[in-house]
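**Student:** After the structure tokens below, expect a handful of questions from me.
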Amino acid sequence: MAVKNKKLNLKDKYQYLTRDMAWEPTYQKMEDIYPDERFEGIKIVDWSQWEDPFRLTMDAYWKYQAEKEKKLYAIFDAFAQNNGHQNISDARYVNALKLFLSGVSPLEHAAFQGYSKVGRQFSGAGARVACQMQAIDELRHSQTQQHAMSHYNKHFNGLHDAPHMHDRVWFLSVPKSFFDDARSAGPFEFLTAISFSFEYVLTNLLFVPFMSGAAYNGDMATVTFGFSAQSDEARHMTLGLEVIKFILEQHEDNVPIVQRWIDKWFWRGFRLLSLVSMMMDYMLPNKVMSWSEAWEVYYEQNGGALFKDLERYGIRPPKYQDVANDAKHHLSHQLWTTFYQYSQATNFHTWIPEKEEMDWMSEKYPETFDKYYRPRYEYLAKEAAAGRRFYNNTLPQLCQVCQVPTLFTEMGAPTKLSHRQLVHEGERYHFCSEACCDIFKHEPEKYVQAWLPVHQIYQGNCEGADVETVVQKYYHINIGEDNFEYLGSPDHKHWMSIKGEKPADENQDAA
Amino acid sequence: MSVNALYDYKFEPKDKVENFNGMQLLYVYWPDHLMFCAPFALLVQPDMTFRALIEEILKPATASHPDSAKADFLNAEWLLNDEPFTPDADASLIAQGIDHKSMLTVTTPGLNGMANVGY
């Protein structure tokens, strides 16, 4: 018999190498093979309606990714050989990388684990393939980010033990608990949380600031990573949108379940991104755009259009988005002054913004910066100049859900904390906001077991009772090198010597 | 509401008082003094007096704020878990209902922080 086509066309090849790899079981029941698919209450009537968002076969995937890797590592090598770290805008910029490496790169690894897991849990072959490919992407991102930033570890402090810190340091429990919450949910909630709410709705608020920030500040290694990940991210966003539309089209009973997940994960993502807000406004010496502008473009405009589009499924915009929209005028300033006062316990440095930076903030935040925040920095600068650089010597109350200190203020009342509390089964719990309190009320069993860093220190589980021991021994933060004020730090002195300048005024030395 | 899970999903709260070796947690919020970004999380002895809490713990915690030296905390306005509260300086915390993970809010009339924005 004559073979019609020796070579498969793309469509056939795609069909054979993805969905045709699956089969209908005959001696086992589908629900026994995929036991996690139903307990969340999501009803899937017909998996064949799933539109594969990637349109990519494994052989093409390897080839394409290998080409990208080759280019990427050639640039990393060139960056290292040419001492690329000397060409960045200012050494303060490296602190953004410290935050990224300990806060974000471990999340890429957590995403790899999460997608590997749900890539086994769907009975639809199309969804399984999509999740498996994203799992490999996430693993690659975690690795290439570490390689992109490893050169900086040879020249600057605070980058030496990121995965260890991610599991232990007080503020890194914010990103860690975010992903733990998603990964311990069912497969449909995981995809709604990570693929839709994070990758589709909010990812531009993470990715654009870091990658454009790298470009604006001369960090070619990180920029190149960004380009290498961009096409992957585009696929992830497509998956996010496909997931949500597929679930909503399958059954009307899915709508209220998905709506609650969107409410929850929008808010959890927003709280997580508060770390990015301060990175954008404060940690980039050359600024790309303000947090407030980024929020307007990437959430209020793009997100607004998206939720308009989802209206026909009966989905409304996330609950509490009005609080998040109002917070754009305050968020970065409230976060930075918090990290400023707890710099004794961070793997990066903090500082008072320079005069030009404060003027930029006055311009970007005309209604709030001069009134609420500039006076704080003027006071802190005066104290530092008098040799009393401010550190808060107590530990802060943390939110039971998002694990950020309860530092946020009420909508429309920016000097009043939006603290909430309740009693559940005889125990008291405290929250940063009505929204986090709502999340707790819906699934208290999940959050009563939260590993809150401050409480763990007080229980004696962190190798010591005083901050110094915890920071050095338990966190692996090298005291006097990684932490405290930037001015006068070893990083600062090192940068001055690279630039052929004298170290700063001794009065402004780190404590 | 309750979590939706594949099995009977029940775990012990991580921060029960018995995990604190005889001590308890106490949060103190001093409104209009946002130089301290969040309420303090303090580890205290349940049988310490309110006076000792002020002298030995709250005053050192707030000392770096210019209003601290002027504050008369014992005669200030207090809330305990959002309810009006009149502290008894010589009674123990636990005897006056300040139990594990309670939050005290103290307002000091006339002392409203710096720059007219509660800093």
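Please note that chains go A, B, ... in the order of the structure tokens, that every chain numbers its residues from 1, and that ligands are numbered from 1 in the order shown.
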Could you write out as a ChimeraX atom specification the residues of chain B within 8 Å of chain A, counting only C-alpha atoms?
**Tutor:** /B:1-6,9-16,19-21,27,31-32,34-43,61,64,81,100-102,115,117-119
**Student:** What is the distance, in Å and to one decimal place, between atom CA of Glu189 of chain A and atom CA of Ile244 of chain A?
**Tutor:**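 Those two atoms sit 10.3 Å apart.
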**Student:** For Leu104 of chain B, work out the shell of residues within 6 Å, counting only C-alpha atoms and skipping chain neighbours fewer than 5 positions away, then give it as number ranges by chain.
**Tutor:** B: 28, 79-80
**Student:** Output N, CA and C atoms for every residue in the selection just made, as a PDB file, in the first residue's frame.
**Tutor:**
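Once everything was written out, this is part-v7.pdb:
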```pdb
ATOM      1  N   VAL B  28      -0.419  45.583  70.533  1.00  0.00           N
ATOM      2  CA  VAL B  28      -0.754  46.937  70.972  1.00  0.00           C
ATOM      3  C   VAL B  28      -0.670  47.888  69.779  1.00  0.00           C
ATOM      4  N   LEU B  79      -8.889  50.574  74.286  1.00  0.00           N
ATOM      5  CA  LEU B  79      -9.859  49.595  73.793  1.00  0.00           C
ATOM      6  C   LEU B  79      -9.222  48.228  73.962  1.00  0.00           C
ATOM      7  N   LEU B  80     -10.023  47.250  74.357  1.00  0.00           N
ATOM      8  CA  LEU B  80      -9.544  45.867  74.378  1.00  0.00           C
ATOM      9  C   LEU B  80     -10.375  45.097  73.356  1.00  0.00           C
TER      10      LEU B  80
END
```
**Student:** Grab the atom CA of Trp295 of chain A to atom CA of Val223 of chain A distance for me, in Å with one decimal place.
**Tutor:** 21.7 Å
**Student:** Gln143 of chain A: which residues within 10 Å, counting only C-alpha atoms, same-chain residues fewer than 5 positions away excluded, as a list in words?
**Tutor:**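 After dropping sequence-adjacent residues, the list is Ser105, Pro106, Glu108, His109, Asp137, Glu138 and Ala148 of chain A.
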**Student:** Could the residues in this selection be saved with C-alpha atoms as a PDB file, in the first residue's frame?
**Tutor:**
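Written output follows (selection.pdb):
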```pdb
ATOM      1  CA  SER A 105      12.390  32.749  41.586  1.00  0.00           C
ATOM      2  CA  PRO A 106      11.339  30.200  44.245  1.00  0.00           C
ATOM      3  CA  GLU A 108       8.698  29.762  39.605  1.00  0.00           C
ATOM      4  CA  HIS A 109       9.862  26.511  41.143  1.00  0.00           C
ATOM      5  CA  ASP A 137       8.613  26.390  31.371  1.00  0.00           C
ATOM      6  CA  GLU A 138       8.418  27.240  35.053  1.00  0.00           C
ATOM      7  CA  ALA A 148      21.030  35.461  35.232  1.00  0.00           C
TER       8      ALA A 148
END
```
**Student:** May I have the residues within 7 Å of Ala91 of chain B as a list in words, using only C-alpha atoms and disregarding those fewer than 4 positions away in the same chain?
**Tutor:**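 Contacts, in chain order: Thr49, Phe50, Ala95 and Gln96 of chain B.
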**Student:** For the selection just defined, write its residues with C-alpha atoms to a file, as a short mmCIF file (atom, residue, chain, number, x, y, z; two decimals), in the first residue's frame.
**Tutor:**
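The resulting file, part-v2.cif, is shown below:
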```cif
data_model
loop_
_atom_site.label_atom_id
_atom_site.label_comp_id
_atom_site.auth_asym_id
_atom_site.auth_seq_id
_atom_site.Cartn_x
_atom_site.Cartn_y
_atom_site.Cartn_z
CA THR B 49 0.47 43.77 85.93
CA PHE B 50 -0.82 46.36 83.53
CA ALA B 95 -7.36 38.85 85.42
CA GLN B 96 -8.72 41.83 83.49
#
```
**Student:** DSSP on the backbone: what in segment 383-442 of chain A comes out alpha helix (DSSP H), as a list in words?
**Tutor:**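 Result set for segment 383-442 of chain A (alpha helix (DSSP H)): Glu383, Ala384, Ala385, Glu434, Ala435, Cys436, Cys437, Asp438, Ile439, Phe440, Lys441 and His442 of chain A.
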**Student:** Show which residues sit within 12 Å of Ala78 of chain A, as a list in words. Count only C-alpha atoms, and ignore same-chain residues fewer than 4 positions away.
**Tutor:** Lys71, Leu72, Tyr73, Ala74, Asn82, Asn83, Gly84, His85, Ala148, His151, Met220, Ala221 and Thr224 of chain A
**Student:** Please save C-alpha atoms of the selected residues as a PDB file, in the first residue's frame.
**Tutor:**
```pdb
ATOM      1  CA  LYS A  71      21.396  32.622  22.980  1.00  0.00           C
ATOM      2  CA  LEU A  72      20.585  33.332  26.605  1.00  0.00           C
ATOM      3  CA  TYR A  73      23.657  31.638  28.030  1.00  0.00           C
ATOM      4  CA  ALA A  74      25.913  33.264  25.443  1.00  0.00           C
ATOM      5  CA  ASN A  82      32.750  42.059  30.650  1.00  0.00           C
ATOM      6  CA  ASN A  83      31.959  42.718  34.325  1.00  0.00           C
ATOM      7  CA  GLY A  84      28.463  43.795  33.359  1.00  0.00           C
ATOM      8  CA  HIS A  85      27.592  44.573  36.965  1.00  0.00           C
ATOM      9  CA  ALA A 148      21.030  35.461  35.232  1.00  0.00           C
ATOM     10  CA  HIS A 151      27.032  36.969  38.513  1.00  0.00           C
ATOM     11  CA  MET A 220      21.526  43.227  30.468  1.00  0.00           C
ATOM     12  CA  ALA A 221      21.568  39.742  32.017  1.00  0.00           C
ATOM     13  CA  THR A 224      17.848  38.955  28.339  1.00  0.00           C
TER      14      THR A 224
END
```
**Student:** Using only C-alpha atoms, which residue out of A:His330, A:Arg183, A:Lys70, A:Arg19 lies closest to Thr57 of chain A?
**Tutor:**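 Ranking A:His330, A:Arg183, A:Lys70, A:Arg19 by distance to Thr57 of chain A, first place goes to A:Arg19.
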**Student:** What does the distance between atom CA of Phe210 of chain A and atom CA of Ser231 of chain A come to in Å, to one decimal place?
**Tutor:**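 Atom-to-atom, atom CA of Phe210 of chain A and atom CA of Ser231 of chain A are spaced 16.3 Å apart.
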**Student:** Need the shell around Leu111 of chain B: protein/DNA/RNA residues with any atom at most 12 Å away, counting only C-alpha atoms. Skip same-chain ones fewer than 6 positions apart. Format as a list in words?
**Tutor:**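 Contacts, with the query itself left out: Trp30, Pro31, Asp32, His33, His65, Pro66, Asp67, Ser68, Ala69, Lys70, Ala71, Asp72, Phe73, Ala76, Glu77, Val117, Gly118 and Tyr119 of chain B.
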**Student:** Using C-alpha atoms, can you export the residues from the last selection as a compact mmCIF listing (two decimals), in the first residue's frame?
**Tutor:**
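Printed below is selection.txt as written:
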```
# COMPACT_ATOMS: atom_id res chain seq x y z
CA TRP B 30 -1.13 53.25 69.07
CA PRO B 31 -3.26 55.07 66.45
CA ASP B 32 -1.82 58.20 64.82
CA HIS B 33 1.73 56.98 65.32
CA HIS B 65 8.84 58.31 68.86
CA PRO B 66 8.96 61.96 70.04
CA ASP B 67 5.45 61.61 71.54
CA SER B 68 6.47 58.67 73.69
CA ALA B 69 8.06 60.66 76.52
CA LYS B 70 4.97 62.89 76.73
CA ALA B 71 2.45 60.06 76.70
CA ASP B 72 0.57 59.18 79.88
CA PHE B 73 -0.36 55.69 78.83
CA ALA B 76 -4.99 57.23 78.19
CA GLU B 77 -8.07 55.91 76.39
CA VAL B 117 -0.82 62.99 59.40
CA GLY B 118 -0.59 60.65 62.36
CA TYR B 119 3.03 59.66 61.78
```
**Student:** Measuring atom to atom with only C-alpha atoms, identify which of A:Trp50, A:Phe188, A:Tyr200, A:Phe348 is nearest to Leu97 of chain A.
**Tutor:**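 Answer, going by the shortest atom-to-atom distance: A:Phe348.
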**Student:** As a list in words, please: every residue in chain B that a backbone DSSP assignment puts in strand (DSSP E).
**Tutor:**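 Filtering chain B to strand (DSSP E) leaves Gln24, Leu25, Leu26, Tyr27, Val28, Tyr29, Phe40, Ala41, Leu42, Leu43, Val44, Glu77, Trp78, Leu79, Leu80, Glu83, Pro84, Phe85, Ser102, Met103, Leu104, Thr105, Val106 and Thr107 of chain B.
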**Student:** Those same residues, written as a short mmCIF file (atom, residue, chain, number, x, y, z; two decimals), in the first residue's frame with C-alpha atoms?
**Tutor:**
```cif
data_model
loop_
_atom_site.label_atom_id
_atom_site.label_comp_id
_atom_site.auth_asym_id
_atom_site.auth_seq_id
_atom_site.Cartn_x
_atom_site.Cartn_y
_atom_site.Cartn_z
CA GLN B 24 1.06 34.80 75.64
CA LEU B 25 0.84 37.09 72.66
CA LEU B 26 -0.44 40.63 72.99
CA TYR B 27 -0.86 43.22 70.24
CA VAL B 28 -0.75 46.94 70.97
CA TYR B 29 -1.85 49.57 68.45
CA PHE B 40 3.30 45.69 68.01
CA ALA B 41 3.29 41.92 68.47
CA LEU B 42 4.55 41.37 72.03
CA LEU B 43 5.35 38.31 74.07
CA VAL B 44 4.09 38.88 77.65
CA GLU B 77 -8.07 55.91 76.39
CA TRP B 78 -8.00 52.16 75.86
CA LEU B 79 -9.86 49.60 73.79
CA LEU B 80 -9.54 45.87 74.38
CA GLU B 83 -14.41 47.38 73.06
CA PRO B 84 -13.98 50.29 75.53
CA PHE B 85 -11.73 49.21 78.38
CA SER B 102 -5.84 40.10 72.44
CA MET B 103 -5.31 43.51 70.94
CA LEU B 104 -5.12 46.73 72.96
CA THR B 105 -5.63 50.05 71.22
CA VAL B 106 -4.38 53.11 73.07
CA THR B 107 -5.27 56.66 72.12
#
```
